[in-house]
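These notes are about the structure you will find just below.
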Amino acid sequence: MDRIKQIYNDEKLLKKLQEDQNLTIEDVLENEMVINMGPQHPATHGVLRLVLRLDGETVVGIVPELGYLHRGYEKMAENMSYIEFIPHTDRLDYTGTMCNNVGYVLAVEKLAGIEAPKRAQYIRMIVAELSRIAAHMVAIGTYAMDVGAVTMVMWTFREREKINSIFDRIAGARFTTSYTRIGGVASDIDDQSIAEIVKFLSELEPALVEMDKLMLSNRIFIGRLEGIGILPKEDAIALGVTGPNLRASGVEYDVRRAKPYLFYNEIDFKIPTFSQGDCLARYFQRGDEVRESIKILRQCLDKIPNGEVIANSPKKVLPHKTEIYSKMEELIHDFMIINFGINPPVGDTFLSVENPKGELGFYIVSNGSGQPWKLKIHSPSFCNLQALSQLCKGAMVSDVIAIIGSLDPVMGEADK
Amino acid sequence: MNTKELIIERVKEKFSESIEEISDFRDDLCFTIKKDQIVNLGKFLKEEPDLQFIMCKDVTAIDWATRKKRFTTVYHIYSFKLNYTLRLKSNIDDDPPTIETVSAVWQSANWYERETWDMYGIKFINHPDLRRIYMPEGFEHHPLKKDFPVLGIPGSLPLPNKAD
């Protein structure tokens, strides 16, 4: 109301408004239009704001505006101990929480020189792959919904719901899991969880076939994606695009293969790639990655060894709760780790893991104290969004929606 | 010759005078180079046929707070040919801090440098579009500097008016 009053009180503005009544269709066709999209827009996957310059229905220029979900995690990390930051990693890419947990603890373990037991590493692989499937289910579902196929989101969320239930059993939380610990994982997985995972995998495979049948018999879906938003291989590398988007452009780069962490070198899996680099290729890419994840999960469940799930390194790894209550030594260690933190040696490390959105990296600088001197999060969604302005140039307004959906950014991660 | 030795040898051949330090902590190779040579080194690493560091993964900075050279910029670059991630560092001693942009070498550095400018206040000379990326335009401070309090500075961000 204040704004309207202001306009009516401003004589100059009022005069201009009254003059500008005779708008003709020629004026409209000749002039470019600047339009604001977001931050509250259902198709921008959160709070991404875009400013589009349009000529008719063609996008001439596009400026992404980030920062609407900026919570300053890098600043907060500098003021808390390494262990305290684990729950905050859940809030980065909130569709694939386990992957973030795993990536962060691996980075800290590399810095501090801790190695988790083999069983813990296998459990991490299992939960990370389950999380990847969940994230890709959200990606495919919302992507299809953005371009008008609403049924798909119900089907994919049904599968994701089962993964959430499994996480509830393993980690005690469905969504914000915070499951990994420095030196291992919070709790062992039991036989029933494994049975549930096996059951889920046997249900997922036919469901994927059904989903493909539904989507690929939909001519509108194909028509809106094929040949739209083509990202050539060279541009993808130059713009720093990572993850499924990079592989859909024909670059066979996957951190799990390029620099194996955990025990991915013991697992046999393919890296699916597509050469087209358009929106449809990015859709197929995610579907194929889910199939590879199923393969990885099956092998992990076969190979998982028995043993401890947390490393025995009293100065750096938190002891078990029952031992704290009954043993003096453990109580002291627990007190020291909680109050002063683990003190990694002076130095800096960079470690990246393959997340559902792309390559998530943590660059940690330690000055020898219990809190990181600097913690930089290299977030894949941020990198992928950088390609947006190039992809959208020359596209239609409706293609912009399809392109954002195909890049699949999560603003929690892009804004940090 | 393994990858690390190859990279060290090639860089030493050409930049032996401007390299300040070569470190290898936890298997992460890192070159610290003089500020004015960072673009030349980047161009060399990208275009040398044996190395081909064609992807820039990350640009960030470290605020050392008490050191004389207060800021260090950090670059992570990747070579598909060698399958290797290399780290470059460059210490900045002038105030206000400035450094030449590498966005002419790696296009993706554009946004990363904008983020570094936003968070640390390091000016990247010749950057095509050096605007803030997370904080609003007109915000005076740079939040990741060590002298910025964790709780923020009251009144530094304009809040929307209360509804009547």
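In the structure tokens, chains take letters A, B, ... by order of appearance, with residues numbered from 1 within each chain and ligands from 1 in the order shown.
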Inset, instruction - Among the residues of chain B, find those DSSP assigns to alpha helix (DSSP H) from the backbone and print them as a PyMOL selection string. - result: chain B and resi 3-15+38-47+109-120
The selected residues should be written to file as a PDB file, in the first residue's frame (atoms: C-alpha atoms).
ATOM      1  CA  THR B   3      52.771 -38.118 -12.104  1.00  0.00           C
ATOM      2  CA  LYS B   4      53.951 -35.985  -9.214  1.00  0.00           C
ATOM      3  CA  GLU B   5      57.583 -35.976 -10.315  1.00  0.00           C
ATOM      4  CA  LEU B   6      56.540 -35.125 -13.853  1.00  0.00           C
ATOM      5  CA  ILE B   7      54.508 -32.116 -12.732  1.00  0.00           C
ATOM      6  CA  ILE B   8      57.243 -30.862 -10.399  1.00  0.00           C
ATOM      7  CA  GLU B   9      59.893 -31.205 -13.085  1.00  0.00           C
ATOM      8  CA  ARG B  10      57.863 -29.413 -15.741  1.00  0.00           C
ATOM      9  CA  VAL B  11      56.917 -26.548 -13.464  1.00  0.00           C
ATOM     10  CA  LYS B  12      60.471 -26.190 -12.120  1.00  0.00           C
ATOM     11  CA  GLU B  13      61.877 -25.966 -15.636  1.00  0.00           C
ATOM     12  CA  LYS B  14      59.912 -22.844 -16.342  1.00  0.00           C
ATOM     13  CA  PHE B  15      59.024 -21.230 -13.046  1.00  0.00           C
ATOM     14  CA  ILE B  38      49.751 -17.023 -11.120  1.00  0.00           C
ATOM     15  CA  VAL B  39      48.114 -16.393 -14.516  1.00  0.00           C
ATOM     16  CA  ASN B  40      51.258 -17.423 -16.395  1.00  0.00           C
ATOM     17  CA  LEU B  41      51.531 -20.619 -14.377  1.00  0.00           C
ATOM     18  CA  GLY B  42      47.842 -21.342 -14.937  1.00  0.00           C
ATOM     19  CA  LYS B  43      48.182 -20.818 -18.664  1.00  0.00           C
ATOM     20  CA  PHE B  44      51.266 -23.024 -18.767  1.00  0.00           C
ATOM     21  CA  LEU B  45      49.634 -25.852 -16.813  1.00  0.00           C
ATOM     22  CA  LYS B  46      46.553 -25.704 -18.991  1.00  0.00           C
ATOM     23  CA  GLU B  47      48.305 -25.571 -22.363  1.00  0.00           C
ATOM     24  CA  ALA B 109      36.808 -19.486 -12.171  1.00  0.00           C
ATOM     25  CA  ASN B 110      34.400 -16.642 -12.864  1.00  0.00           C
ATOM     26  CA  TRP B 111      31.889 -17.556 -10.158  1.00  0.00           C
ATOM     27  CA  TYR B 112      34.468 -18.963  -7.778  1.00  0.00           C
ATOM     28  CA  GLU B 113      36.310 -15.649  -7.814  1.00  0.00           C
ATOM     29  CA  ARG B 114      33.087 -13.767  -7.312  1.00  0.00           C
ATOM     30  CA  GLU B 115      32.484 -15.904  -4.229  1.00  0.00           C
ATOM     31  CA  THR B 116      36.010 -15.227  -2.957  1.00  0.00           C
ATOM     32  CA  TRP B 117      35.535 -11.495  -3.480  1.00  0.00           C
ATOM     33  CA  ASP B 118      32.238 -11.647  -1.643  1.00  0.00           C
ATOM     34  CA  MET B 119      33.597 -13.613   1.300  1.00  0.00           C
ATOM     35  CA  TYR B 120      37.125 -12.211   1.676  1.00  0.00           C
TER      36      TYR B 120
END
As an mmCIF file with C-alpha atoms, in the first residue's frame, could you give me every residue of chain A near chain B (at most 6 Å apart, counting only C-alpha atoms)?
data_model
loop_
_atom_site.group_PDB
_atom_site.id
_atom_site.type_symbol
_atom_site.label_atom_id
_atom_site.label_comp_id
_atom_site.auth_asym_id
_atom_site.auth_seq_id
_atom_site.Cartn_x
_atom_site.Cartn_y
_atom_site.Cartn_z
ATOM 1 C CA LEU A 66 22.078 -16.803 -5.617
ATOM 2 C CA GLY A 67 22.306 -16.336 -1.903
ATOM 3 C CA LYS A 75 31.855 -19.357 8.840
ATOM 4 C CA ILE A 237 34.658 -28.922 -18.769
ATOM 5 C CA ALA A 238 35.375 -25.216 -19.183
ATOM 6 C CA LEU A 239 32.344 -24.260 -17.093
ATOM 7 C CA GLY A 240 33.283 -26.690 -14.344
#
Inset, instruction - For region 191-208 of chain A, work out the shell of residues within 7 Å, counting only C-alpha atoms and skipping chain neighbours fewer than 5 positions away, then give it as a ChimeraX atom specification. - result: /A:166,169-170,294
Inset, instruction - Identify, with DSSP run on backbone atoms, the residues in chain B assigned to strand (DSSP E), and express the list as a ChimeraX atom specification. - result: /B:19-25,28-33,55-63,71-79,84-92,98-100,123-125
Go ahead and write the residues just picked, C-alpha atoms, as a compact mmCIF listing (two decimals), in the first residue's frame.
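Contents of result.txt, freshly written:
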# COMPACT_ATOMS: atom_id res chain seq x y z
CA ILE B 19 58.03 -20.81 -7.00
CA GLU B 20 58.14 -20.01 -3.30
CA GLU B 21 57.34 -23.42 -1.87
CA ILE B 22 56.45 -26.95 -2.95
CA SER B 23 54.56 -28.91 -0.31
CA ASP B 24 53.26 -32.44 -0.30
CA PHE B 25 51.06 -32.92 2.75
CA ASP B 28 48.27 -33.38 -1.99
CA LEU B 29 50.82 -31.64 -4.18
CA CYS B 30 50.81 -27.86 -3.82
CA PHE B 31 52.81 -25.06 -5.42
CA THR B 32 53.05 -21.65 -3.79
CA ILE B 33 53.86 -19.10 -6.44
CA MET B 55 39.40 -27.92 -15.41
CA CYS B 56 39.37 -25.48 -12.54
CA LYS B 57 37.56 -27.10 -9.66
CA ASP B 58 37.71 -24.42 -7.05
CA VAL B 59 39.07 -21.02 -6.13
CA THR B 60 39.07 -19.85 -2.56
CA ALA B 61 41.18 -17.93 -0.07
CA ILE B 62 42.52 -18.27 3.44
CA ASP B 63 42.56 -15.40 5.92
CA PHE B 71 45.54 -13.58 2.52
CA THR B 72 46.38 -16.64 0.48
CA THR B 73 44.38 -17.54 -2.60
CA VAL B 74 43.98 -21.26 -3.27
CA TYR B 75 43.22 -22.85 -6.63
CA HIS B 76 42.35 -26.48 -7.27
CA ILE B 77 42.81 -27.61 -10.84
CA TYR B 78 42.28 -30.99 -12.43
CA SER B 79 43.84 -32.77 -15.38
CA TYR B 84 45.38 -35.54 -10.90
CA THR B 85 44.14 -32.67 -8.74
CA LEU B 86 46.78 -30.01 -8.18
CA ARG B 87 46.69 -27.14 -5.73
CA LEU B 88 48.16 -23.72 -6.40
CA LYS B 89 48.57 -21.04 -3.77
CA SER B 90 49.55 -17.43 -3.90
CA ASN B 91 50.21 -15.11 -0.97
CA ILE B 92 48.88 -11.58 -1.10
CA THR B 98 44.29 -7.66 -5.08
CA ILE B 99 45.33 -10.41 -7.48
CA GLU B 100 45.06 -11.00 -11.21
CA LYS B 123 39.75 -7.83 -5.66
CA PHE B 124 40.38 -9.82 -8.82
CA ILE B 125 41.88 -7.48 -11.39
Inset, instruction - Please provide the set of residues having any atom within 10 Å of Gly46 (chain A), restricted to only C-alpha atoms, with same-chain residues fewer than 5 positions apart removed, written as a list in words. - result: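 Near neighbours after the sequence-gap exclusion: Gly38, Pro39, Gln40, His41, Tyr68, Leu69, Pro409, Val410, Met411 and Gly412 of chain A.
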Inset, instruction - Extract, using only C-alpha atoms, all DNA, RNA and protein residues at most 10 Å from Glu84 (chain A), discarding same-chain residues fewer than 6 positions from it, and format them as a ChimeraX atom specification. - result: /A:77,338,341,371
Write out, as an mmCIF file, in the first residue's frame, the residues just selected, with C-alpha atoms.
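Here's the written file out16.cif:
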data_model
loop_
_atom_site.group_PDB
_atom_site.id
_atom_site.type_symbol
_atom_site.label_atom_id
_atom_site.label_comp_id
_atom_site.auth_asym_id
_atom_site.auth_seq_id
_atom_site.Cartn_x
_atom_site.Cartn_y
_atom_site.Cartn_z
ATOM 1 C CA ALA A 77 32.489 -24.435 10.669
ATOM 2 C CA ILE A 338 34.196 -33.026 23.169
ATOM 3 C CA GLY A 341 38.325 -31.490 19.781
ATOM 4 C CA GLN A 371 38.509 -26.285 15.211
#
Legend entry - For Ile332 (chain A): contacts at 10 Å, only C-alpha atoms, fewer than 5 positions along chain excluded, given as a list of chain:residue names: A:Pro314, A:Lys315, A:Ile324, A:Lys327, A:Ile337, A:Ile338
Take the residues from that selection and put them in a file with C-alpha atoms, as a PDB file, in the first residue's frame.
ATOM      1  CA  PRO A 314      41.354 -43.106  21.726  1.00  0.00           C
ATOM      2  CA  LYS A 315      42.800 -39.631  21.137  1.00  0.00           C
ATOM      3  CA  ILE A 324      32.446 -43.805  29.027  1.00  0.00           C
ATOM      4  CA  LYS A 327      35.930 -46.676  32.504  1.00  0.00           C
ATOM      5  CA  ILE A 337      37.502 -34.745  22.441  1.00  0.00           C
ATOM      6  CA  ILE A 338      34.196 -33.026  23.169  1.00  0.00           C
TER       7      ILE A 338
END
Inset, instruction - Identify, on the basis of only C-alpha atoms, every residue whose closest approach to Phe167 (chain A) does not exceed 9 Å; exclude the query and any residue fewer than 5 positions from it along the same chain; express the result as a PyMOL selection string. - result: chain A and resi 127+130+162+172-175+177+193
Inset, instruction - Determine the nearest neighbour of Phe263 (chain A) from the options A:Cys383, A:Met125, A:Ala395, A:Leu301, counting only C-alpha atoms. - result: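 Answer, going by the shortest atom-to-atom distance: A:Met125.
For the pair CA of Asn245 (chain A) and CA of Gly405 (chain A), the separation is 11.3 Å.
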Legend entry - Using only C-alpha atoms: which of A:Asn79, A:Asn306, A:Thr44, A:Thr95 has the shortest distance to Asp146 (chain A): A:Thr44
Legend entry - Nearest candidate to Ile122 (chain B) (options B:Arg67, B:Lys81, B:His142, B:Lys34; using only C-alpha atoms):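 Among B:Arg67, B:Lys81, B:His142, B:Lys34, it is B:His142 that comes nearest to Ile122 (chain B).
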Inset, instruction - For each of A:Thr176, A:Thr349, A:Asn218, A:Gln386, take the minimum atom-to-atom distance to Leu92 (chain A), counting only C-alpha atoms, then give the residue where this is smallest. - result: A:Thr176
Legend entry - Pick from A:Leu388, A:Met336, A:Val102, A:Met37 nearest to Leu231 (chain A), counting only C-alpha atoms: A:Leu388
